[in-house]
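Okay, structure first, notes after.
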Amino acid sequence: MLEKRYDFKTREKHWQDYWHEHNTYKFDENAESKFTIDTPPPTISGVIHLGHVFSYTQTDVIARHQRMLGKSVFYPFGYDDNGLPTERYVIKEQKVRLNETNRSDFIKLCLETTEKMKDVYRDVFTRAGHSSDFDSAYSSISPRTQAISQRSFIELYNAGEIERRNSATLWCPECRTAIAQSEIETVEMDSTMNYLNFGILDSDEKLQIATTRPELLCACVCVFVHPDDEKRAHLVGKKAITPIYNVEVPILANPDVDREKGTGAVMCCTFGDEADAKWQKEFNLPVLEGIGHNGRMTEIAGEFAGQKVTEARANIIEKLKEIGVLYDTKPITHAVSPHERCSTPIEIMVKPQWFIKLLEHKDEIYKAGEEVNWYPEYTKKRFLNWVEGLKWDWCISRQRFFGIPFPVWYCKDCGATILADIDDLPVDPTVTQPKHECPHCYGKSFIPETDVMDTWATSSLTPQICADTLTHKGLDDAHLPMDLRPNAHDNIRVWDFYTIAKSLLHYKKLPWNNVMVSGWGLSATGDKLSKSKTSKGELTPLVAFEKYSADVTRYWASNATLGKDVFIQEEEFNNGSKLMQKLWNASRFVLSFLEGYTPKKCELLPMDQWIIDTYRITFKNFKKYLEKFEMGLALNELEKLFWNFCDNYIEIAKNRLYKPEIYGEKAKESAQYASSMVLLGMLKMFSIYMPHITEEIYQDYYAKIEGCDSIHLSKYLDLGDAPSVVFGGYRVCDIVGEVRKFKSQNNMSMKDEIAKIVVKDDDRNLDFIKSCLDDIKAVCNIKDVEFIKSNNFSVDIEK
RNA sequence: GGGAGCUUAGCUCAGUUGGUAGAGCAUCUGCCUUACAAGCAGAGGGUCACAGGUUCGAGUCCUGUAGCUCCCACCA
């Protein structure tokens with residue numbers, strides 16, 4: 001017998017422990033039917049907020065759904081504790097100054113910090129009732145992961161897909177490292193367009209140049225004009241003289257120049273932007289480093305040396321004004337590209353970096369993106385759009401400490417690149433030396449590569465890292481393609497993109513067949529939830545679990561439309577609380593009539609057949625939506641059935657359940673069968689959203705009946721096809737509705753008696769209605785019912 | 001400038017192949033009815049952003065316009 005009230009505060013914990021002890025969610029590799037999920041390892045360097053719970057719950061619902069379909073679900077878990085996000089977190093939290101610590105101490109501190117964070121994350125997801133395998137969770141910095149990642153590097157290097165180049169790279173002056181295209185954002189910023197006069201060698205003419213980056217004058221290597229620019233044609237081949245620095249630079253013709261922009265003449269600096277980098281290569285221009293790796297002006301900036309870029313810009317504008325070179329300046333807004341981690345505008349720098357060749361594989365990646373099933377479908381275009389706009393190869397080297405090292409040394413004598421042996425992985429080249437002498441010059445001294453790899457170089461291997469927890473084969477294509485990659489929309493162009501790229505480079509296979517894209521949980525004001533701090537009044541996961549329960553939190557999370565952001569509004573949680581309470585009460589009521597009863601098929605009364613028919617339809621729609629990962633729409637379908645079950649069916653059936661002496665034992669049995677089966681079926685469907693309360697109810701009665709340890713090890717209830725009496729049943733509900741309306745409008749109590757109703761309808765419906773006469777009379781407390789044949793349905797009521 | 005999404009009741013949002021507009025919250029009315037008064041039964045409330053088009057019929061398909069959001073490009 002279920003208690004009067006369901007105490008989620010103790011029962012949720014109870015069932016979480018129960019599932020853990022019973023290995024309820026254990027994956028069986030030898031199962032006939034499997035479903036594999038490439039779970040996103042959360043970046044654990046920061047606060048875990050409801051946004052995490054939002055999207056991870058959606059994945060858990062899918063995992064549970066697949067289990068209820070009878071599949072064994074591979075639902076691994078991992079922690080992304082590797083790389084720059086962790087470094088930044090540790091520096092901030094532990095107040096570390098990088099120049100006051102050494103590499104190994106710092107790495108140790110990073111490891112210690114992330115170890116604590118793992119427990120926090122695991123606790124929240126466990127308490128959210130997630131069914132992933134936390135016990136064999138991987139870490140993206142663990143030796144095992146390092147070995148897989150390094151092996152990927154070596155294999156792609158040997159395949160000619162990776163090379164080290166000394167070329168222009170996106171550079172973050174704040175983090176002092178190279179970064180990749182996917183790590184930059186675009187932000188509108190206020191700036192000024194500055195119009196300067198350049199001198200012309202051996203001439204009094206002036207050449208007008210517009211620039212937003214006057215601080216780069218010191219790195220100006222040439223001036224371009226358009227080849228068809230008649231006004232300036234005579235200048236091509238001459239020398240321009242830069243203001244302040246008085247350096248002679250060539251004036252060249254370049255068809256890339258847009259004559260409508262600025263003054264129509266461009267100064268090319270190395271490097272102000274990507275166009276400069278392109279032109280430097282095309283015209284084989286010298287490279288002048290005006291900005292250092294630390295984001296400060298270099299010696300060639302003369303009096304501005306040592307200043308930060310923004311300072312130098314302001315100062316040089318003043319100076320240009322002073323000397324009369326700046327003849328105009330206009331405020332503008334333009335897009336700049338800041339680094340997503342620190343919001344510092346990126347620069348372009350030249351330094352040897354490691355690149356994975358992506359540009360030459362653009363077509364393959366595009367095709368793969370087309371082959372993957374994206375849910376919702378429009379997210380495919382977002383992926384393809386990103387691939388189309390790809391402009392840089394993937395720079396995977398980072399000038400940082402806490403990351404996976406490159407398994408690489410350079411021969412001191414001949415400079416040859418020496419790779420570690422695969423059997424020795426993982427290696428840290430700063431700690432160990434190559435086993436053999438240099439194969440080229442037989443040198444015995446080596447310089448280690450001190451850069452570490454981009455975190456995405458590792459995260460893009462999650463299908464392999466996950467599979468390895470089962471196969472222990474390391475980098476391998478076992479389980480490829482997996483069934484599902486779930487992630488939020490911000491990761492389409494990052495994690496999804498890199499994973500597809502790597503999978504193609506290694507195996508020419510898709511990493512997974514389906515991608516499910518969730519939205520974000522946003523604060524009530526519509527802001528992105530911060531990972532660095534919890535803002536005032538923000539509902540945190542633990543508070544939500546305490547106040548509303550995990551099941552209600554899950555209900556909120558899964559009641560969303562795929563791919564769409566939602567605001568975190570506590571009112572939405574109230575709806576979940578009400579549903580949970582209703583589910584409890586309805587179950588308590590139904591189960592109270594099932595003591596000593598074992599469900600067995602029997603001849604069903606029409607309204608009992610009706611509720612089973614509506615169940616069948618709902619179940620079908622429910623599965624159809626979940627096939628497309630639309631768990632929110634599936635939930636809506638289920639809720640409609642549930643409320644119909646409560647408002648109409650139970651009200652009708654209760655009389656027969658209470659009073660077999662009036663309506664007969666058979667009428668009771670029929671109601672027992674239908675109510676027990678439909679409730680069971682609904683509990684199973686609800687179980688993927690609200691695993692705790694459904695387990696509690698299931699264990700009270702159904703576990704014994706089905707001989708099953710947990711509702712989560714059972715399968716959905718299939719009550720067959722061919723619904724027959726759906727319409728008639730709803731017509732009976734209409735009649736009941738009319739009577740309720742009548743009582744309501746006449747200020748009557750629902751139990752008050754009605755003397756007589758007259759039902760008009762066609763023959764077919766009247767036949768069905770007549771067959772439910774006892775139910776109708778009982779639920780409405782009507783003494784007499786009269787039937788009149790008519791083409792139009794109506795109900796007349798007499799007090 | 002390119003791509004995508006959104007615009008439906010006061011609020012938050014559903015509306016699968018085109019067929020008389022839906023839910024929750026809020027508002028109003030009634031009801032202690034043997035699961036549930038943080039409940040139940042009802043009611044009111046929408047020219048489905050706008051303008052065209054296809055169709056017997058369009059919230060749903062097509063074209064265009066406007067506003068909001070996201071991604072990308074634009075840094076001369």
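By order in the structure tokens, chains are A, B, ...; within a chain, residues start at 1; ligands start at 1, following the order shown.
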Would you write out, as JSON lines, a table of all residues in chain A that have an atom no more than 6 Å from an atom of chain B, listing for each the closest atom pair and the distance in Å to one decimal, considering only C-alpha atoms (C1' of nucleotides) and ordering rows by chain and rising residue number?
```
{"residue": "A:Ala210", "atom": "CA", "partner": "B:A76", "partner_atom": "C1'", "distance": 5.7}
{"residue": "A:Thr211", "atom": "CA", "partner": "B:A76", "partner_atom": "C1'", "distance": 5.9}
{"residue": "A:Gly262", "atom": "CA", "partner": "B:A76", "partner_atom": "C1'", "distance": 5.3}
{"residue": "A:Val266", "atom": "CA", "partner": "B:A76", "partner_atom": "C1'", "distance": 4.4}
{"residue": "A:Asn585", "atom": "CA", "partner": "B:A35", "partner_atom": "C1'", "distance": 4.8}
{"residue": "A:Ala586", "atom": "CA", "partner": "B:A35", "partner_atom": "C1'", "distance": 5.3}
{"residue": "A:Phe589", "atom": "CA", "partner": "B:A35", "partner_atom": "C1'", "distance": 4.5}
{"residue": "A:Lys741", "atom": "CA", "partner": "B:G42", "partner_atom": "C1'", "distance": 5.5}
{"residue": "A:Ser744", "atom": "CA", "partner": "B:G30", "partner_atom": "C1'", "distance": 5.3}
{"residue": "A:Asn747", "atom": "CA", "partner": "B:G30", "partner_atom": "C1'", "distance": 5.1}
{"residue": "A:Ser749", "atom": "CA", "partner": "B:C31", "partner_atom": "C1'", "distance": 5.0}
{"residue": "A:Met750", "atom": "CA", "partner": "B:U33", "partner_atom": "C1'", "distance": 6.0}
{"residue": "A:Lys751", "atom": "CA", "partner": "B:U33", "partner_atom": "C1'", "distance": 5.7}
```
For the residues selected in the previous step, produce a file with N, CA and C atoms as a short mmCIF file (atom, residue, chain, number, x, y, z; two decimals), in the first residue's frame.
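This went into selection-v3.cif:
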```cif
data_model
loop_
_atom_site.label_atom_id
_atom_site.label_comp_id
_atom_site.auth_asym_id
_atom_site.auth_seq_id
_atom_site.Cartn_x
_atom_site.Cartn_y
_atom_site.Cartn_z
N ALA A 210 43.26 54.58 -45.13
CA ALA A 210 42.38 54.47 -43.96
C ALA A 210 42.73 53.20 -43.20
N THR A 211 42.72 53.30 -41.88
CA THR A 211 43.04 52.11 -41.09
C THR A 211 42.35 52.16 -39.74
N GLY A 262 37.23 52.34 -47.40
CA GLY A 262 38.25 53.27 -46.93
C GLY A 262 38.55 54.30 -48.01
N VAL A 266 45.18 50.41 -49.37
CA VAL A 266 45.31 49.65 -48.13
C VAL A 266 46.76 49.54 -47.71
N ASN A 585 -1.20 10.13 -6.43
CA ASN A 585 -2.57 9.93 -5.96
C ASN A 585 -3.34 8.94 -6.84
N ALA A 586 -3.21 9.12 -8.14
CA ALA A 586 -3.93 8.24 -9.06
C ALA A 586 -3.45 6.81 -8.90
N PHE A 589 -4.71 5.26 -5.72
CA PHE A 589 -6.11 4.90 -5.86
C PHE A 589 -6.27 3.58 -6.64
N LYS A 741 -21.01 20.31 -16.83
CA LYS A 741 -21.18 21.73 -17.15
C LYS A 741 -22.51 22.22 -16.58
N SER A 744 -22.26 22.56 -12.88
CA SER A 744 -21.42 23.70 -12.56
C SER A 744 -22.20 25.01 -12.72
N ASN A 747 -24.75 25.70 -10.07
CA ASN A 747 -24.23 25.70 -8.70
C ASN A 747 -24.50 24.41 -7.94
N SER A 749 -23.54 20.45 -6.75
CA SER A 749 -22.40 19.60 -6.45
C SER A 749 -22.37 18.48 -7.49
N MET A 750 -21.19 17.96 -7.73
CA MET A 750 -21.06 16.92 -8.75
C MET A 750 -21.81 15.64 -8.35
N LYS A 751 -22.04 15.50 -7.07
CA LYS A 751 -22.71 14.26 -6.65
C LYS A 751 -24.24 14.40 -6.65
#
```
Checklist entry - Can you list, as a ChimeraX atom specification, every residue of range 25-142 of chain A that DSSP puts in helix (DSSP H, G or I)? => result /A:50-68,84-93,98-100,103-127
Could you give me, as an mmCIF file with all heavy atoms, in the first residue's frame, the residues within 7 Å of range 491-506 of chain A, counting only C-alpha atoms (C1' of nucleotides) and dropping anything in the same chain fewer than 5 positions from it?
```cif
data_model
loop_
_atom_site.group_PDB
_atom_site.id
_atom_site.type_symbol
_atom_site.label_atom_id
_atom_site.label_comp_id
_atom_site.auth_asym_id
_atom_site.auth_seq_id
_atom_site.Cartn_x
_atom_site.Cartn_y
_atom_site.Cartn_z
ATOM 1 N N SER A 182 37.648 27.672 -34.277
ATOM 2 C CA SER A 182 36.408 27.427 -33.543
ATOM 3 C C SER A 182 36.410 28.097 -32.175
ATOM 4 O O SER A 182 35.389 28.156 -31.518
ATOM 5 C CB SER A 182 36.204 25.929 -33.365
ATOM 6 O OG SER A 182 37.232 25.408 -32.559
ATOM 7 N N ILE A 365 34.225 16.243 -45.247
ATOM 8 C CA ILE A 365 33.567 16.584 -43.984
ATOM 9 C C ILE A 365 32.147 17.059 -44.258
ATOM 10 O O ILE A 365 31.195 16.709 -43.561
ATOM 11 C CB ILE A 365 34.369 17.669 -43.226
ATOM 12 C CG1 ILE A 365 35.766 17.144 -42.885
ATOM 13 C CG2 ILE A 365 33.651 18.086 -41.956
ATOM 14 C CD1 ILE A 365 36.711 18.192 -42.319
ATOM 15 N N PHE A 383 25.722 23.097 -39.282
ATOM 16 C CA PHE A 383 26.994 22.385 -39.416
ATOM 17 C C PHE A 383 27.596 22.662 -40.793
ATOM 18 O O PHE A 383 28.768 23.028 -40.907
ATOM 19 C CB PHE A 383 26.770 20.885 -39.218
ATOM 20 C CG PHE A 383 28.014 20.064 -39.396
ATOM 21 C CD1 PHE A 383 28.867 19.852 -38.337
ATOM 22 C CD2 PHE A 383 28.337 19.530 -40.634
ATOM 23 C CE1 PHE A 383 30.024 19.099 -38.500
ATOM 24 C CE2 PHE A 383 29.490 18.784 -40.803
ATOM 25 C CZ PHE A 383 30.338 18.567 -39.728
ATOM 26 N N TRP A 386 29.026 26.027 -41.281
ATOM 27 C CA TRP A 386 30.330 26.187 -40.626
ATOM 28 C C TRP A 386 31.443 25.590 -41.481
ATOM 29 O O TRP A 386 32.506 26.184 -41.651
ATOM 30 C CB TRP A 386 30.306 25.550 -39.238
ATOM 31 C CG TRP A 386 31.669 25.460 -38.616
ATOM 32 C CD1 TRP A 386 32.434 24.348 -38.508
ATOM 33 C CD2 TRP A 386 32.421 26.536 -38.035
ATOM 34 N NE1 TRP A 386 33.629 24.656 -37.896
ATOM 35 C CE2 TRP A 386 33.651 25.992 -37.596
ATOM 36 C CE3 TRP A 386 32.195 27.895 -37.848
ATOM 37 C CZ2 TRP A 386 34.639 26.759 -36.975
ATOM 38 C CZ3 TRP A 386 33.182 28.657 -37.235
ATOM 39 C CH2 TRP A 386 34.383 28.092 -36.804
ATOM 40 N N TRP A 456 40.476 19.889 -27.873
ATOM 41 C CA TRP A 456 39.575 19.267 -28.858
ATOM 42 C C TRP A 456 40.261 18.160 -29.637
ATOM 43 O O TRP A 456 39.601 17.304 -30.220
ATOM 44 C CB TRP A 456 38.991 20.317 -29.791
ATOM 45 C CG TRP A 456 38.125 21.273 -29.044
ATOM 46 C CD1 TRP A 456 38.410 22.568 -28.758
ATOM 47 C CD2 TRP A 456 36.868 20.994 -28.433
ATOM 48 N NE1 TRP A 456 37.397 23.116 -28.008
ATOM 49 C CE2 TRP A 456 36.439 22.176 -27.799
ATOM 50 C CE3 TRP A 456 36.068 19.849 -28.355
ATOM 51 C CZ2 TRP A 456 35.233 22.263 -27.104
ATOM 52 C CZ3 TRP A 456 34.866 19.931 -27.663
ATOM 53 C CH2 TRP A 456 34.460 21.124 -27.046
ATOM 54 N N SER A 460 37.753 15.158 -29.500
ATOM 55 C CA SER A 460 37.230 14.668 -30.774
ATOM 56 C C SER A 460 37.350 13.148 -30.884
ATOM 57 O O SER A 460 36.899 12.559 -31.847
ATOM 58 C CB SER A 460 37.991 15.322 -31.923
ATOM 59 O OG SER A 460 39.377 15.087 -31.760
ATOM 60 N N LEU A 461 37.987 12.534 -29.879
ATOM 61 C CA LEU A 461 38.158 11.080 -29.894
ATOM 62 C C LEU A 461 37.248 10.381 -28.887
ATOM 63 O O LEU A 461 37.448 9.203 -28.580
ATOM 64 C CB LEU A 461 39.618 10.725 -29.577
ATOM 65 C CG LEU A 461 40.643 11.188 -30.598
ATOM 66 C CD1 LEU A 461 42.052 11.088 -30.010
ATOM 67 C CD2 LEU A 461 40.558 10.376 -31.875
ATOM 68 N N PRO A 511 31.353 8.986 -37.085
ATOM 69 C CA PRO A 511 31.501 8.620 -35.666
ATOM 70 C C PRO A 511 30.187 8.134 -35.063
ATOM 71 O O PRO A 511 30.193 7.350 -34.125
ATOM 72 C CB PRO A 511 31.963 9.911 -35.006
ATOM 73 C CG PRO A 511 31.561 11.010 -35.934
ATOM 74 C CD PRO A 511 31.526 10.439 -37.314
#
```
Checklist entry - Using only C-alpha atoms, which of the listed residues (A:Arg88, A:Arg740, A:Val732, A:Leu594) sits closest to Phe401 in chain A? => result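 Residue with the minimum atom-to-atom distance to Phe401 in chain A: A:Arg88.
Across range 3-150 of chain A, DSSP run on the backbone finds strand (DSSP E or B) at A:Lys34, A:Phe35, A:Thr36, A:Ile37, A:Thr43, A:Ser72, A:Val73, A:Phe74, A:Pro76, A:Phe77, A:Gly78, A:Tyr79, A:Asp80, A:Asp133, A:Phe134, A:Asp135, A:Ser136, A:Ala137, A:Tyr138, A:Ser139.
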Next on the checklist: With only C-alpha atoms (C1' of nucleotides) as the counted atoms, please give the residues lying no more than 12 Å from G22 in chain B, apart from itself and same-chain residues fewer than 5 positions off, as a ChimeraX atom specification.
Outcome noted: /A:636,640 /B:8-9,13-15,46,48,59
Next on the checklist: Env of Leu484 in chain A: 12 Å cut, atoms = only C-alpha atoms (C1' of nucleotides), seq-sep filter 5 positions within chain, self excluded. Answer as an MDAnalysis selection string.
Outcome noted: chainID A and resid 34:40 59:60 62:63 66 73:76 372:375 463 479 496 510:517 627:629
List as a tab-separated table (two decimals) with all heavy atoms, in the first residue's frame the protein and nucleic acid residues near G52 in chain B, meaning an atom at most 12 Å away when only C-alpha atoms (C1' of nucleotides) are counted, but skip any in the same chain fewer than 5 places from it.
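File produced: out18.tsv:
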```
chain	number	residue	atom	x	y	z
B	62	C	P	7.26	26.32	-47.74
B	62	C	OP1	8.64	25.85	-47.84
B	62	C	OP2	6.84	27.15	-46.58
B	62	C	O5'	6.88	27.12	-49.07
B	62	C	C5'	7.17	26.57	-50.34
B	62	C	C4'	6.78	27.56	-51.41
B	62	C	O4'	5.34	27.74	-51.39
B	62	C	C3'	7.33	28.96	-51.19
B	62	C	O3'	8.65	29.07	-51.67
B	62	C	C2'	6.35	29.81	-51.98
B	62	C	O2'	6.59	29.80	-53.35
B	62	C	C1'	5.02	29.09	-51.68
B	62	C	N1	4.29	29.67	-50.53
B	62	C	C2	3.55	30.84	-50.73
B	62	C	O2	3.55	31.37	-51.84
B	62	C	N3	2.87	31.37	-49.68
B	62	C	C4	2.90	30.77	-48.49
B	62	C	N4	2.21	31.34	-47.50
B	62	C	C5	3.65	29.58	-48.26
B	62	C	C6	4.32	29.06	-49.30
B	63	U	P	9.64	30.12	-50.95
B	63	U	OP1	11.00	29.89	-51.51
B	63	U	OP2	9.42	30.08	-49.49
B	63	U	O5'	9.11	31.51	-51.50
B	63	U	C5'	9.19	31.83	-52.88
B	63	U	C4'	8.61	33.20	-53.12
B	63	U	O4'	7.17	33.17	-52.86
B	63	U	C3'	9.11	34.29	-52.19
B	63	U	O3'	10.37	34.80	-52.58
B	63	U	C2'	8.00	35.33	-52.31
B	63	U	O2'	8.09	36.06	-53.50
B	63	U	C1'	6.76	34.42	-52.36
B	63	U	N1	6.16	34.24	-51.02
B	63	U	C2	5.33	35.24	-50.53
B	63	U	O2	5.09	36.25	-51.16
B	63	U	N3	4.82	35.01	-49.28
B	63	U	C4	5.03	33.92	-48.49
B	63	U	O4	4.49	33.85	-47.38
B	63	U	C5	5.90	32.92	-49.05
B	63	U	C6	6.42	33.11	-50.27
B	64	G	P	11.36	35.34	-51.45
B	64	G	OP1	12.65	35.61	-52.10
B	64	G	OP2	11.29	34.43	-50.28
B	64	G	O5'	10.69	36.72	-51.04
B	64	G	C5'	10.63	37.79	-51.97
B	64	G	C4'	9.69	38.86	-51.48
B	64	G	O4'	8.39	38.25	-51.21
B	64	G	C3'	10.03	39.50	-50.14
B	64	G	O3'	11.04	40.49	-50.27
B	64	G	C2'	8.69	40.10	-49.73
B	64	G	O2'	8.41	41.28	-50.44
B	64	G	C1'	7.74	38.98	-50.17
B	64	G	N9	7.42	38.08	-49.06
B	64	G	C8	7.85	36.79	-48.86
B	64	G	N7	7.39	36.27	-47.76
B	64	G	C5	6.62	37.26	-47.19
B	64	G	C6	5.87	37.30	-45.98
B	64	G	O6	5.73	36.40	-45.15
B	64	G	N1	5.24	38.53	-45.79
B	64	G	C2	5.33	39.59	-46.66
B	64	G	N2	4.66	40.69	-46.30
B	64	G	N3	6.01	39.58	-47.78
B	64	G	C4	6.63	38.40	-47.98
B	65	U	P	11.95	40.85	-48.99
B	65	U	OP1	13.00	41.79	-49.44
B	65	U	OP2	12.33	39.58	-48.32
B	65	U	O5'	10.94	41.63	-48.05
B	65	U	C5'	10.42	42.91	-48.44
B	65	U	C4'	9.52	43.45	-47.35
B	65	U	O4'	8.37	42.58	-47.18
B	65	U	C3'	10.15	43.49	-45.96
B	65	U	O3'	11.00	44.61	-45.78
B	65	U	C2'	8.90	43.56	-45.08
B	65	U	O2'	8.32	44.85	-45.07
B	65	U	C1'	7.97	42.58	-45.81
B	65	U	N1	8.08	41.21	-45.28
B	65	U	C2	7.40	40.92	-44.10
B	65	U	O2	6.71	41.74	-43.53
B	65	U	N3	7.55	39.64	-43.65
B	65	U	C4	8.31	38.63	-44.23
B	65	U	O4	8.34	37.53	-43.69
B	65	U	C5	9.00	39.02	-45.42
B	65	U	C6	8.87	40.27	-45.90
```
Checklist entry - What is the CA of Asp421 in chain A to CA of Leu111 in chain A distance in Å? => result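 Interatomic distance here is 25.8 Å.
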Next on the checklist: If we count only C-alpha atoms (C1' of nucleotides) and set the cut-off at 8 Å, which residues sit around Pro541 in chain A, ignoring sequence neighbours fewer than 5 positions away in its own chain? Please answer as a list of chain:residue names.
Outcome noted: A:Ile48, A:His49, A:Leu50, A:Val53, A:Val124
Item to check | For CA of Ile209 in chain A and CA of Gly295 in chain A, the interatomic separation in Å (one decimal) | outcome: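 Value for the CA of Ile209 in chain A-CA of Gly295 in chain A distance: 24.7 Å.
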Next on the checklist: Let me make sure I understand: among A:Trp394, A:Trp354, A:Tyr410, A:Trp171, which one has the smallest atom-to-atom distance to Gly292 in chain A if we use only C-alpha atoms?
Outcome noted: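 Ranking A:Trp394, A:Trp354, A:Tyr410, A:Trp171 by distance to Gly292 in chain A, first place goes to A:Trp171.
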